[in-house]
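Colleague: Got a structure for you, written out below as structure tokens; questions coming shortly.
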Amino acid sequence: MPKDGPWLDAAAGRLVRPYTVSNGRTRPTTPFDLMSQVMSTGAKPFGYLGPEHAQVLALCDAPVSVAELAAQLRLPAAVTKVLLSDLVDCGALTTKPPAFFHNPTDRSLLEAVLDGLRRHL
């Protein structure tokens, strides 16, 4: 069995389909950018939340971007945003926009990203 637990199977892939994780919802109640930062507030969420919500909270002890969470959860960004909005709505997460990216098409920023990618390849 893979280290990801019962939600993944080596032969079948993800056993719980993304639309099931988000209860068929495709739009979050809180607007998120892929670079938005989220962090746990420490408040205990009220009501029932699924195992994916608990997994998100475990990953949000320090600020983390929506894109990074989607990658770690192995879920589409749209589904991740729905999960995050559930947690923001119940007070378990806080979010802030990526303030340090004033212009995502800035040449120096793009060159820094390219340099970082080259170092990792």
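For the structure tokens, the naming scheme is as follows: chains receive sequential letters (A, B, ...) according to their order of presentation, residues are indexed from 1 within each chain, and ligands are indexed from 1 in presentation order.
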Where does DSSP see strand (DSSP E or B) in stretch 21-120 of chain A, if you list the residues as a compact mmCIF listing (two decimals) with N, CA and C atoms, in the first residue's frame?
Modeller:
```
# COMPACT_ATOMS: atom_id res chain seq x y z
N GLN A 37 -1.74 32.67 0.10
CA GLN A 37 -1.16 31.97 1.24
C GLN A 37 -2.26 31.63 2.23
N VAL A 38 -2.25 30.40 2.75
CA VAL A 38 -3.19 29.99 3.79
C VAL A 38 -2.41 29.46 4.98
N MET A 39 -3.02 29.60 6.17
CA MET A 39 -2.37 29.12 7.39
C MET A 39 -3.44 28.79 8.41
N SER A 40 -3.19 27.77 9.19
CA SER A 40 -4.11 27.34 10.23
C SER A 40 -4.21 28.42 11.30
N VAL A 64 1.38 28.50 3.49
CA VAL A 64 1.64 27.69 2.30
C VAL A 64 0.71 28.18 1.19
N SER A 65 1.18 28.09 -0.05
CA SER A 65 0.37 28.57 -1.18
C SER A 65 -0.67 27.53 -1.58
N LEU A 93 -8.89 28.23 9.05
CA LEU A 93 -7.79 28.73 8.21
C LEU A 93 -7.95 30.23 8.01
N THR A 94 -6.84 30.88 7.81
CA THR A 94 -6.84 32.27 7.41
C THR A 94 -6.11 32.36 6.08
N THR A 95 -6.44 33.36 5.30
CA THR A 95 -5.84 33.50 3.98
C THR A 95 -5.42 34.93 3.73
N LYS A 96 -4.40 35.09 2.91
CA LYS A 96 -4.00 36.43 2.48
C LYS A 96 -3.50 36.32 1.04
```
Colleague: So what do you get for atom CA of A:His120 versus atom CA of A:Leu73, distance-wise?
Modeller: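 Separation of atom CA of A:His120 and atom CA of A:Leu73: 21.3 Å.
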Colleague: Quick one: everything within 8 Å of A:Pro97, counting only C-alpha atoms, minus sequence neighbours fewer than 3 positions away in the same chain. Send it as a list in words.
Modeller: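 Contacts, in chain order: Phe32, Asp33, Met35, Ser36 and Gln37 of chain A.
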Colleague: Take the residues from that selection and write them out as a short mmCIF file (atom, residue, chain, number, x, y, z; two decimals), in the first residue's frame, keeping N, CA, C and O atoms.
Modeller:
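Saved result, part.cif, follows:
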```cif
data_model
loop_
_atom_site.label_atom_id
_atom_site.label_comp_id
_atom_site.auth_asym_id
_atom_site.auth_seq_id
_atom_site.Cartn_x
_atom_site.Cartn_y
_atom_site.Cartn_z
N PHE A 32 -9.68 32.57 -4.14
CA PHE A 32 -8.28 32.23 -3.96
C PHE A 32 -7.55 32.38 -5.28
O PHE A 32 -8.08 32.05 -6.33
N ASP A 33 -6.32 32.83 -5.19
CA ASP A 33 -5.38 32.84 -6.29
C ASP A 33 -4.48 31.63 -6.05
O ASP A 33 -4.35 31.18 -4.92
N MET A 35 -1.43 31.57 -5.89
CA MET A 35 -0.32 31.99 -5.04
C MET A 35 -0.79 32.52 -3.68
O MET A 35 0.03 32.94 -2.88
N SER A 36 -2.10 32.51 -3.42
CA SER A 36 -2.61 32.93 -2.12
C SER A 36 -2.00 32.07 -1.03
O SER A 36 -1.79 30.87 -1.22
N GLN A 37 -1.74 32.67 0.10
CA GLN A 37 -1.16 31.97 1.24
C GLN A 37 -2.26 31.63 2.23
O GLN A 37 -3.12 32.46 2.52
#
```
Colleague: Let me make sure I understand: among A:Leu34, A:Val79, A:Ala54, A:Leu110, which one has the smallest atom-to-atom distance to A:Ala67 if we use only C-alpha atoms?
Modeller: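 So, comparing all the options, the nearest one is A:Leu34.
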Colleague: Report as an NGL selection string all protein, DNA and RNA residues lying within 12 Å of A:Leu49, evaluated on only C-alpha atoms, omitting residues in the same chain fewer than 4 positions from it.
Modeller: :A and (21-23 or 44-45 or 53-57 or 83-84 or 86-87 or 89-90 or 92)
Colleague: With distances taken over only C-alpha atoms, which residue among A:Val82, A:Leu121, A:Ala43, A:Leu109 lies nearest A:Val66?
Modeller: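 Of the candidates, the smallest distance to A:Val66 is held by A:Val82.
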Colleague: Provide the atom CA of A:Gly47 to atom CA of A:Gln72 distance in Å, to one decimal place.
Modeller: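 Computing it gives 24.6 Å between the two atoms.
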